[in-house]
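Shown next: upload.txt, given as compact mmCIF, C-alpha atoms.
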```txt
# COMPACT_ATOMS: atom_id res chain seq x y z
CA MET A 1 20.41 -1.18 52.07
CA MET A 2 18.02 -3.09 54.41
CA PHE A 3 16.63 -5.53 51.83
CA GLY A 4 20.13 -6.41 50.67
CA SER A 5 21.04 -7.56 54.17
CA ILE A 6 17.83 -9.59 54.51
CA ILE A 7 18.39 -11.24 51.13
CA SER A 8 21.96 -12.16 52.10
CA LEU A 9 20.69 -13.63 55.36
CA GLU A 10 18.00 -15.69 53.64
CA GLU A 11 20.49 -16.92 51.03
CA THR A 12 22.62 -18.44 53.79
CA TYR A 13 19.63 -20.65 54.73
CA GLY A 14 18.84 -21.50 51.11
CA ASP A 15 15.05 -21.35 51.34
CA LEU A 16 14.16 -20.38 47.75
CA ASP A 17 10.59 -19.34 48.49
CA LYS A 18 11.69 -17.01 51.29
CA ILE A 19 14.46 -15.53 49.15
CA ARG A 20 11.98 -14.91 46.34
CA ASP A 21 9.54 -13.31 48.76
CA VAL A 22 12.20 -10.87 49.99
CA TYR A 23 13.11 -9.95 46.41
CA GLU A 24 9.43 -9.36 45.59
CA ARG A 25 9.02 -7.07 48.61
CA ALA A 26 12.24 -5.23 47.69
CA ILE A 27 11.29 -4.50 44.08
CA ALA A 28 7.86 -3.30 45.18
CA ASN A 29 9.59 -0.22 46.62
CA MET A 30 10.11 1.80 43.47
CA PRO A 31 12.38 4.88 43.55
CA PRO A 32 10.59 8.11 44.57
CA ALA A 33 11.66 10.11 41.50
CA THR A 34 12.52 9.55 37.85
CA GLU A 35 16.17 10.45 38.30
CA LYS A 36 18.66 7.84 37.19
CA ARG A 37 20.80 8.11 40.32
CA PHE A 38 17.86 6.91 42.43
CA TRP A 39 17.28 3.95 40.14
CA ARG A 40 20.75 2.40 40.04
CA ARG A 41 20.47 0.41 43.28
CA TYR A 42 16.91 -0.52 42.38
CA ILE A 43 18.02 -1.99 39.04
CA TYR A 44 20.76 -3.98 40.77
CA LEU A 45 18.05 -5.59 42.89
CA TRP A 46 16.37 -6.74 39.67
CA VAL A 47 19.68 -7.97 38.25
CA ASN A 48 20.36 -10.03 41.36
CA TYR A 49 16.79 -11.31 41.36
CA ALA A 50 17.10 -12.49 37.75
CA LEU A 51 20.43 -14.18 38.46
CA PHE A 52 18.93 -15.88 41.52
CA GLU A 53 16.06 -17.31 39.47
CA GLU A 54 18.35 -18.49 36.69
CA LEU A 55 21.30 -19.86 38.67
CA ASP A 56 19.88 -20.85 42.04
CA SER A 57 16.23 -21.53 41.42
CA LYS A 58 16.88 -22.65 37.82
CA ASP A 59 13.43 -21.42 36.87
CA ILE A 60 13.86 -20.23 33.28
CA GLU A 61 10.33 -18.89 32.80
CA LYS A 62 10.47 -16.98 36.08
CA THR A 63 13.84 -15.53 35.06
CA ARG A 64 12.36 -14.34 31.79
CA SER A 65 9.39 -12.75 33.58
CA VAL A 66 11.74 -10.94 36.01
CA TYR A 67 13.64 -9.36 33.13
CA LYS A 68 10.42 -8.39 31.34
CA GLU A 69 8.87 -6.83 34.44
CA CYS A 70 12.06 -4.89 35.18
CA ILE A 71 12.11 -3.46 31.66
CA ASN A 72 8.42 -2.54 31.90
CA ARG A 73 9.08 -0.47 35.03
CA ILE A 74 11.97 1.61 33.67
CA PRO A 75 10.86 5.07 32.40
CA HIS A 76 12.63 4.69 29.03
CA LYS A 77 11.51 8.09 27.76
CA VAL A 78 13.60 9.64 30.55
CA PHE A 79 16.50 7.17 30.80
CA SER A 80 17.30 3.51 30.38
CA PHE A 81 19.87 0.94 31.51
CA SER A 82 21.85 -0.81 28.79
CA LYS A 83 23.03 -3.39 31.29
CA ILE A 84 19.60 -4.95 31.86
CA TRP A 85 18.86 -5.21 28.12
CA ILE A 86 22.21 -6.86 27.40
CA MET A 87 21.84 -9.26 30.33
CA PHE A 88 18.35 -10.23 29.15
CA ALA A 89 19.62 -10.85 25.60
CA ASN A 90 22.55 -12.91 26.89
CA PHE A 91 20.15 -14.94 29.02
CA GLU A 92 18.12 -15.81 25.92
CA ILE A 93 21.30 -16.76 24.05
CA ARG A 94 22.17 -19.15 26.87
CA GLN A 95 18.72 -20.69 26.36
CA LYS A 96 19.57 -20.97 22.62
CA ASN A 97 16.77 -18.52 21.77
CA LEU A 98 18.62 -16.38 19.23
CA GLN A 99 15.44 -14.87 17.81
CA ASN A 100 14.36 -13.75 21.30
CA ALA A 101 17.74 -12.09 21.82
CA ARG A 102 17.39 -10.20 18.54
CA GLN A 103 13.91 -9.07 19.49
CA ILE A 104 15.21 -7.80 22.83
CA TYR A 105 17.91 -5.73 21.12
CA GLY A 106 15.39 -4.46 18.58
CA HIS A 107 13.01 -3.48 21.38
CA ALA A 108 15.83 -1.69 23.22
CA ILE A 109 16.80 0.26 20.10
CA GLY A 110 13.19 1.22 19.52
CA LEU A 111 12.67 2.50 23.06
CA ARG A 112 16.04 4.08 23.85
CA PRO A 113 18.85 3.64 21.28
CA LYS A 114 22.15 3.71 23.15
CA PRO A 115 25.69 2.95 21.91
CA LYS A 116 26.23 0.01 24.27
CA ILE A 117 23.08 -1.69 22.96
CA PHE A 118 24.15 -1.29 19.34
CA GLU A 119 27.69 -2.47 20.12
CA ALA A 120 26.46 -5.59 21.94
CA TYR A 121 24.02 -6.41 19.14
CA ILE A 122 26.70 -5.95 16.47
CA GLN A 123 29.10 -8.15 18.43
CA LEU A 124 26.48 -10.90 18.59
CA GLU A 125 25.88 -10.85 14.84
CA LEU A 126 29.60 -10.59 14.12
CA GLN A 127 30.27 -13.73 16.16
CA LEU A 128 27.61 -15.48 14.10
CA GLY A 129 29.20 -14.25 10.87
CA ASN A 130 26.13 -12.26 9.81
CA VAL A 131 27.91 -9.40 8.03
CA ASP A 132 24.82 -7.99 6.35
CA ARG A 133 23.02 -7.82 9.71
CA CYS A 134 26.03 -5.99 11.15
CA ARG A 135 25.82 -3.46 8.33
CA THR A 136 22.12 -2.93 8.93
CA ILE A 137 22.68 -2.38 12.65
CA TYR A 138 25.58 0.01 12.03
CA GLU A 139 23.42 2.03 9.64
CA LYS A 140 20.67 2.28 12.26
CA PHE A 141 23.28 3.17 14.88
CA LEU A 142 24.68 5.99 12.77
CA GLU A 143 21.22 7.17 11.81
CA THR A 144 20.47 7.77 15.50
CA SER A 145 24.00 8.90 16.49
CA PRO A 146 25.72 10.49 13.46
CA SER A 147 28.22 12.33 15.68
CA HIS A 148 29.55 9.11 17.23
CA CYS A 149 33.03 8.84 15.69
CA ASN A 150 33.84 5.49 17.25
CA ALA A 151 30.85 3.92 15.49
CA TRP A 152 31.97 5.29 12.10
CA ILE A 153 35.49 3.98 12.73
CA LYS A 154 34.35 0.50 13.76
CA TYR A 155 32.01 0.27 10.78
CA ALA A 156 34.83 1.26 8.40
CA HIS A 157 37.18 -1.21 10.08
CA LEU A 158 34.62 -3.98 9.62
CA GLU A 159 34.67 -3.33 5.88
CA ARG A 160 38.46 -3.05 5.89
CA ASP A 161 38.80 -6.43 7.60
CA LEU A 162 36.51 -7.89 4.92
CA ARG A 163 38.82 -6.31 2.30
CA GLU A 164 35.92 -4.17 1.12
CA LEU A 165 38.23 -1.17 0.85
CA ASP A 166 35.97 0.99 -1.30
CA ARG A 167 33.13 0.46 1.19
CA ALA A 168 35.45 1.42 4.06
CA ARG A 169 36.62 4.51 2.18
CA GLY A 170 33.02 5.50 1.46
CA ILE A 171 32.13 5.21 5.16
CA PHE A 172 35.06 7.42 6.13
CA GLU A 173 34.04 9.99 3.52
CA VAL A 174 30.46 10.16 4.82
CA ALA A 175 31.79 10.35 8.38
CA ILE A 176 34.10 13.34 7.88
CA GLY A 177 31.26 15.13 6.12
CA GLN A 178 29.10 15.15 9.25
CA PRO A 179 28.47 18.66 10.62
CA HIS A 180 28.97 17.59 14.24
CA LEU A 181 31.41 14.93 15.48
CA ASP A 182 32.41 14.06 19.03
CA SER A 183 36.08 13.30 18.14
CA PRO A 184 36.83 14.68 14.65
CA GLU A 185 40.60 14.66 15.19
CA LEU A 186 40.48 10.91 15.94
CA LEU A 187 38.32 10.20 12.89
CA TRP A 188 40.67 12.05 10.53
CA LYS A 189 43.70 10.32 12.03
CA VAL A 190 42.17 6.87 11.59
CA TYR A 191 41.16 7.67 8.00
CA ILE A 192 44.69 8.86 7.22
CA ASP A 193 46.13 5.74 8.88
CA PHE A 194 43.80 3.59 6.78
CA GLU A 195 45.03 5.10 3.51
CA THR A 196 48.63 4.87 4.72
CA GLU A 197 48.17 1.15 5.45
CA GLN A 198 46.89 0.71 1.88
CA GLU A 199 49.96 2.63 0.64
CA GLU A 200 47.65 5.08 -1.11
CA TYR A 201 50.06 7.95 -0.56
CA ASP A 202 48.42 10.37 -2.97
CA LYS A 203 45.15 9.89 -1.11
CA VAL A 204 46.96 10.52 2.18
CA ARG A 205 48.33 13.81 0.86
CA GLU A 206 44.90 14.82 -0.36
CA LEU A 207 43.43 14.09 3.08
CA TYR A 208 46.06 16.20 4.81
CA LYS A 209 45.38 19.09 2.43
CA ARG A 210 41.64 18.83 3.00
CA LEU A 211 42.19 18.73 6.75
CA LEU A 212 44.38 21.83 6.59
CA GLU A 213 41.52 23.64 4.88
CA ARG A 214 39.51 23.06 8.06
CA THR A 215 42.18 23.58 10.67
CA LYS A 216 45.68 25.01 10.67
CA HIS A 217 46.60 23.29 13.94
CA VAL A 218 50.31 22.71 14.43
CA LYS A 219 49.85 18.98 15.02
CA VAL A 220 48.40 18.57 11.54
CA TRP A 221 51.45 20.25 9.99
CA MET A 222 53.77 18.11 12.08
CA SER A 223 51.95 14.91 11.21
CA PHE A 224 51.91 15.79 7.50
CA ALA A 225 55.66 16.45 7.49
CA GLN A 226 56.37 13.29 9.45
CA PHE A 227 54.31 11.27 6.97
CA GLU A 228 56.39 12.55 4.04
CA ASN A 229 59.57 11.83 5.95
CA SER A 230 58.38 8.30 6.76
CA ILE A 231 58.20 7.48 3.05
CA SER A 232 61.63 9.07 2.44
CA ASN A 233 60.20 12.19 0.82
CA VAL A 234 62.55 14.47 2.73
CA GLU A 235 62.34 17.54 0.49
CA GLU A 236 58.53 17.52 0.60
CA ALA A 237 58.64 17.22 4.42
CA ARG A 238 60.96 20.22 4.53
CA LYS A 239 58.55 22.24 2.36
CA ILE A 240 55.64 21.39 4.66
CA TYR A 241 57.59 22.47 7.73
CA SER A 242 58.48 25.74 6.03
CA GLN A 243 54.96 26.42 4.78
CA GLY A 244 53.38 25.62 8.15
CA PHE A 245 55.89 27.72 10.07
CA GLU A 246 55.40 30.79 7.89
CA LEU A 247 51.60 30.50 8.07
CA LEU A 248 51.50 30.06 11.86
CA LYS A 249 53.88 32.97 12.33
CA LYS A 250 51.84 35.13 9.96
CA ASN A 251 48.66 34.35 11.93
CA ASP A 252 50.45 35.24 15.19
CA ASN A 253 50.17 31.68 16.53
CA LYS A 254 53.54 32.09 18.18
CA GLU A 255 53.49 29.12 20.54
CA GLU A 256 52.39 26.76 17.76
CA ALA A 257 55.05 28.21 15.47
CA VAL A 258 57.65 27.48 18.17
CA MET A 259 56.38 23.89 18.50
CA LEU A 260 56.65 23.42 14.74
CA ILE A 261 60.12 24.87 14.40
CA ASP A 262 61.34 22.70 17.30
CA SER A 263 60.03 19.68 15.41
CA TRP A 264 61.57 21.01 12.22
CA LYS A 265 64.98 21.36 13.87
CA GLU A 266 64.75 17.81 15.21
CA PHE A 267 63.94 16.64 11.69
CA GLU A 268 66.95 18.49 10.22
CA VAL A 269 69.28 17.09 12.90
CA LYS A 270 68.29 13.59 11.82
CA THR A 271 68.08 14.10 8.05
CA GLY A 272 69.75 17.37 7.04
CA ASP A 273 73.27 18.75 6.87
CA GLN A 274 74.88 21.48 8.95
CA GLU A 275 73.78 24.21 6.56
CA GLN A 276 70.14 23.12 6.76
CA ILE A 277 70.29 22.89 10.55
CA LYS A 278 71.74 26.41 10.78
CA ALA A 279 69.07 27.73 8.41
CA VAL A 280 66.36 26.51 10.79
CA GLU A 281 68.21 27.78 13.86
CA LYS A 282 68.27 31.27 12.32
CA LYS A 283 64.47 31.23 12.24
CA MET A 284 64.14 30.33 15.92
CA PRO A 285 62.77 33.09 18.18
CA LYS A 286 64.00 34.66 21.39
CA ARG A 287 61.91 33.98 24.45
CA ILE A 288 61.28 37.00 26.66
CA ILE A 289 59.25 37.65 29.79
CA LYS A 290 56.53 40.29 29.65
CA LYS A 291 53.93 41.63 32.03
CA ARG A 292 50.23 42.25 31.45
CA PRO A 293 47.42 43.54 33.66
CA LEU A 294 45.61 40.86 35.63
CA VAL A 295 41.88 41.55 35.35
CA MET A 296 39.33 39.95 37.68
CA GLU A 297 35.91 38.67 36.64
CA ASP A 298 34.26 41.90 37.80
CA GLY A 299 36.58 43.93 35.55
CA SER A 300 38.81 45.27 38.31
CA GLU A 301 42.58 45.12 37.99
CA ALA A 302 44.58 42.94 40.39
CA GLY A 303 48.15 43.81 39.55
CA PHE A 304 50.17 42.19 36.81
CA GLU A 305 51.08 38.68 35.70
CA GLU A 306 54.19 37.56 33.86
CA PHE A 307 54.04 35.58 30.63
CA TYR A 308 56.40 34.36 27.97
CA ASP A 309 56.44 35.95 24.54
CA TYR A 310 58.47 35.17 21.47
CA ILE A 311 60.25 37.51 19.10
CA PHE A 312 61.14 36.00 15.74
CA PRO A 313 64.07 37.25 13.66
CA GLY A 314 63.05 40.33 11.70
CA GLU A 315 60.44 41.32 14.28
CA GLU A 316 62.82 43.21 16.58
CA LYS A 317 61.90 46.87 16.93
CA ALA A 318 64.34 49.73 17.00
CA PRO A 319 64.78 51.21 20.53
CA GLY A 320 63.14 54.48 19.53
CA LEU A 321 60.11 52.72 18.11
CA ALA A 322 59.83 50.57 21.22
CA ILE A 323 59.81 53.68 23.44
CA LEU A 324 57.14 55.31 21.27
CA GLU A 325 54.99 52.20 21.51
CA MET A 326 55.34 52.16 25.31
CA ALA A 327 54.33 55.84 25.41
CA ARG A 328 51.24 55.10 23.30
CA GLN A 329 50.27 52.25 25.63
CA TRP A 330 50.75 54.46 28.71
CA LYS A 331 48.62 57.23 27.15
CA LYS A 332 45.91 54.75 26.26
CA GLN A 333 45.75 53.42 29.81
CA ALA A 334 45.74 56.95 31.26
CA ASN A 335 42.71 57.93 29.16
CA GLN A 336 40.66 54.91 30.25
```

As structure tokens, the full file:
Amino acid sequence: MMFGSIISLEETYGDLDKIRDVYERAIANMPPATEKRFWRRYIYLWVNYALFEELDSKDIEKTRSVYKECINRIPHKVFSFSKIWIMFANFEIRQKNLQNARQIYGHAIGLRPKPKIFEAYIQLELQLGNVDRCRTIYEKFLETSPSHCNAWIKYAHLERDLRELDRARGIFEVAIGQPHLDSPELLWKVYIDFETEQEEYDKVRELYKRLLERTKHVKVWMSFAQFENSISNVEEARKIYSQGFELLKKNDNKEEAVMLIDSWKEFEVKTGDQEQIKAVEKKMPKRIIKKRPLVMEDGSEAGFEEFYDYIFPGEEKAPGLAILEMARQWKKQANQ
């Protein structure tokens, strides 16, 4: 960038007025369009200008005016830059103007609430020990971004660290009740970990059961069984493995059923006897290779592709039935 080179050259001579003049001419050239990618270099000019005024020129009022003018030029209804807000607030903190810093964060939240702004503001108040202010900011944060799981988790952890366990539990409950979450699996895991840390094992079981009402994913079954095993509840872990395996197999989730029974066998090797290990091994499927038509995006066939399938004990078909099924498939394809 041409102005960047000129600024670097002027800085080697140390003439503050000339350096300032180059910065002023540089920032006069606003980006041609309101697209964030065009504005990034432009904002860095302002950042460097503000740092020059604070550190080299040591003109505090000029530094403040640079930050204010930069913020006034950004089209906040289209996009914003968290970096410039946070830098401005930190500048005011260095000047021991805490109220100014709070006003800057409040202004930023009012114009364009973004996670980084909330997080920086919360960190400031947390360092000052202002717990009630942190709570207020978290509530505003979650009001504007209710799907932001990390915010829910950090808010709950704040209450946990304060030993306000019922408050933390209440936050988790509101969080998992949100209709849209960016990382629901993480939120549920952290909530379960929280109750485990408190040794509230009945609450942990209840959470797993509630989660299984929403999803039957194999990792939930595995985690549930591993939890019971971790507290030496071996028989309950075995029941969970069995229940999950039968349900996944019934719903034709073969690959997930295989994952679960592999975990189940590993569990029995570590905790069970030979009879229990053999009982699980008898449930394990055979892996076979099959072929299926490969269909292109336009609907045309492009040969066949091989894939693995699993046949569980009791699912094997008599040879005659298998031939009849192949004949039905061939007839179906011929009529298409």

task = May I ask which of the residues A:Ile60, A:Leu294, A:Leu181, A:Leu186 is the closest one to A:Gln95, counting only C-alpha atoms?
result = A:Ile60

ask   = Near stretch 72-80 of chain A, counting all atoms listed in the file, which residues have an atom at most 12 Å away, once you skip same-chain residues fewer than 3 positions from it, shown as a PyMOL selection string?
value = chain A and resi 27-31+33-40+42-43+46+65-69+83-86+107-117

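Closest approach to A:Asp202 among A:Ile231, A:Lys189, A:His217, A:Phe91: A:Ile231, based on only C-alpha atoms.
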
task = Record the distance separating atom CA of A:Phe88 and atom CA of A:Gln123, expressed in Å with one decimal.
result =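 For atom CA of A:Phe88 relative to atom CA of A:Gln123, the distance reads 15.3 Å.
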
task = Might you pull out every residue within 9 Å of stretch 238-250 of chain A, with only C-alpha atoms counted and same-chain residues fewer than 6 positions away left off, and present them as an NGL selection string?
result = :A and (216-218 or 221-222 or 224-225 or 228-229 or 256-258 or 260-261 or 263-264 or 267-268 or 312)

query = Counting only C-alpha atoms, what is within 12 Å of stretch 128-143 of chain A, bar same-chain residues fewer than 2 positions away, as a ChimeraX atom specification?
reply = /A:93,98,102,105-106,109-110,112-126,145-159,161-162,164,167-168,171,174-175,178,181

query = atom CA of A:Leu207 and atom CA of A:Asn253, how far apart in Å?
reply = 23.1 Å

key: Straight-line distance linking atom CA of A:Glu236 with atom CA of A:Arg214, stated in Å to one decimal   =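 Going from atom CA of A:Glu236 over to atom CA of A:Arg214 covers 21.2 Å.
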
message = Given only C-alpha atoms as the basis, pick out the residue of A:Glu185, A:Tyr44, A:Met87, A:Pro293 nearest to A:Thr215.
response = A:Glu185
